[in-house]
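Undergrad: This is the structure, below, for whatever I ask next.
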Amino acid sequence: MTSSRQPFNTGMALVAQIGILLGLFFVMLIILGTFSSLLPSMGIAPRSQSLIISAAQAILVFMIPPYITGYYVNRYPVKFLRLDIGISFSSLITVIGGFIIGLPFLNQVINWNEHLVLPEGLSHIEEGLRAMEDAAKAATDVLLETTTIGGLITGILVIGLLTGLGEEMFFRGGFQRLLTYNGINHHIAIWSVAVLFSLMHFQFYGFIPRVLLGAFFGYLLYWSGSLWVSVFAHALNNSMVVVCVWLQKRGIVDIDLENWGVTTGFPCIAIICFLLLICFLYVMRKVISQESIGSKG
């Protein structure tokens, strides 16, 4: 009797835990909205307003809900979120090497997704999606609109580090950990959360590459057992954009990072880089997994 009811009880526990996470998420979202509405009357510069809102969003919306949920689940939120395990040297090599090798492939996917055209009968939907994309880009441009050293530092701190930490705590530390903690297959958990991660950015024309990035972050957590590895990868991805845009605006370099490796014809470079990336991650997965087992032992 007890064993036959166990899957049901586990399922109910998972629903309750996700309900707490999402409930806290929406409560914090309301608080953030109230706080954000007060900023325009304070005479703060547009970019500073955006940075403050982004920092508040990372802390209130993305950090606090998973932390409280982790405490509810087992009373040790830092351990539950996998924030108690550091980053190994092999994990750093995996992240950096993965980005270098896989960037041409990811850029090709980004280019394909950006130029995706819906059927003519769905043109009204496409117009709405394009409008959302333009609004998101405009918001991002405000954050990146700086040529000062201080602007670069604040951009890396907020857009890179704080946002990377917040989103990884919520999606990988929160959602993914809740799923695997309750017995869901890790592949299903990783890809499901990756899709959710992309959906919640509300950018259809960046949906597929963001799913791939989310899955990469998810596997990094699973292989290493440390959320800090996926946080580092996320922060590095965001910070590279901040730095490259800043360098372009200063006229120091003319690096078109988003089009590196993109070809208009047959994507041979992207395919080669994808195959190399799979081989590289296959090898490094074993290394960091063994290190993770050794550190636990």
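Naming scheme: A, B, ... for chains in displayed order of the structure tokens; residues 1 onward per chain; ligands 1 onward as shown.
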Just want the 9 Å neighbourhood of Gly218 of chain A, counted on only C-alpha atoms, with same-chain residues fewer than 6 positions away dropped. Output as a list in words.

TA: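 Non-adjacent residues within range: Glu168, Phe171, Arg172, Gln176, Ala189, Ile190, Trp191, Val193, Ala194 and Ser230 of chain A.
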
Undergrad: Could you produce a table of the residues of segment 215-282 of chain A lying within 12 Å of segment 76-93 of chain A, with the nearest pair of atoms per residue and their separation in Å rounded to one decimal, using only C-alpha atoms, ordered by chain and increasing residue number, as a tab-separated table?

TA:
```
residue	atom	partner	partner_atom	distance
A:Phe217	CA	A:Ser91	CA	11.6
A:Tyr219	CA	A:Ser91	CA	11.4
A:Leu220	CA	A:Ser91	CA	8.0
A:Leu221	CA	A:Arg82	CA	8.3
A:Tyr222	CA	A:Arg82	CA	10.0
A:Trp223	CA	A:Ser91	CA	9.2
A:Ser224	CA	A:Ser91	CA	7.2
A:Gly225	CA	A:Arg82	CA	6.5
A:Ser226	CA	A:Ile85	CA	5.1
A:Leu227	CA	A:Arg82	CA	5.2
A:Trp228	CA	A:Ile87	CA	6.3
A:Val229	CA	A:Ile87	CA	5.8
A:Ser230	CA	A:Ser91	CA	9.4
A:Val231	CA	A:Leu83	CA	10.0
A:Phe232	CA	A:Leu92	CA	8.2
A:Ala233	CA	A:Leu92	CA	8.5
A:Leu236	CA	A:Leu92	CA	10.7
A:Phe280	CA	A:Ile93	CA	10.4
A:Leu281	CA	A:Ile93	CA	10.4
```

Undergrad: Between A:Gly43, A:Pro119, A:Gly102, A:Gly128, which residue has the minimum interatomic distance to Phe202 of chain A, considering only C-alpha atoms?

TA: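 Looking only at the distances to Phe202 of chain A, the closest residue turns out to be A:Gly128.
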
Undergrad: To one decimal in Å, tell me the separation between atom CA of Thr69 of chain A and atom CA of Phe25 of chain A.

TA: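 Interatomic distance here is 10.5 Å.
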
Undergrad: Name the closest residue to Pro267 of chain A among the candidates A:Tyr72, A:Phe99, A:Phe35, A:Phe105; distances are taken between atoms, counting only C-alpha atoms.

TA: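 Closest residue, counting only C-alpha atoms: A:Phe105.
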
Undergrad: Can you work out which one of A:Asn238, A:Leu103, A:Phe175, A:Gly214 has the shortest atom-to-atom distance to Gly160 of chain A, counting only C-alpha atoms?

TA: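 Answer, going by the shortest atom-to-atom distance: A:Asn238.
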
Undergrad: Hey, which bits of segment 11-113 of chain A sit within 12 Å of segment 132-150 of chain A, and for each residue what's the closest pair of atoms and how far apart in Å (one decimal), counting only C-alpha atoms, rows by chain and increasing number, as a Markdown table?

TA:
```
| residue | atom | partner | partner_atom | distance |
| --- | --- | --- | --- | --- |
| A:Ala45 | CA | A:Val142 | CA | 10.4 |
| A:Pro46 | CA | A:Val142 | CA | 7.3 |
| A:Arg47 | CA | A:Leu143 | CA | 5.6 |
| A:Ser48 | CA | A:Leu143 | CA | 8.2 |
| A:Gln49 | CA | A:Leu143 | CA | 9.2 |
| A:Ser50 | CA | A:Leu143 | CA | 6.4 |
| A:Leu51 | CA | A:Leu143 | CA | 6.7 |
| A:Ile52 | CA | A:Leu143 | CA | 10.4 |
| A:Ile53 | CA | A:Leu143 | CA | 10.7 |
| A:Ser54 | CA | A:Leu143 | CA | 9.3 |
| A:Ala55 | CA | A:Leu143 | CA | 11.7 |
```

Undergrad: Can you list, as a ChimeraX atom specification, every residue of segment 167-282 of chain A that DSSP puts in helix (DSSP H, G or I)?

TA: /A:167-181,186-199,204-224,227-250,257-259,268-282

Undergrad: Looking at A:Ile59, A:Leu257, A:Cys268, A:Leu118, which one is nearest to Gly166 of chain A, with distances taken over only C-alpha atoms?

TA: A:Ile59

Undergrad: Report, in Å to a single decimal, how far apart atom CA of Trp112 of chain A and atom CA of Val262 of chain A are.

TA: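 Atom CA of Trp112 of chain A lies 9.6 Å from atom CA of Val262 of chain A.
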
Undergrad: Skip Phe170 of chain A itself and residues of its chain fewer than 2 positions away, then list as number ranges by chain all residues within 9 Å of it, counting only C-alpha atoms.

TA: A: 21, 61-67, 165-168, 172-176

Undergrad: If we count only C-alpha atoms and set the cut-off at 10 Å, which residues sit around Cys273 of chain A, ignoring sequence neighbours fewer than 2 positions away in its own chain? Please answer as a PyMOL selection string.

TA: chain A and resi 98+100-106+261+268-271+275-279
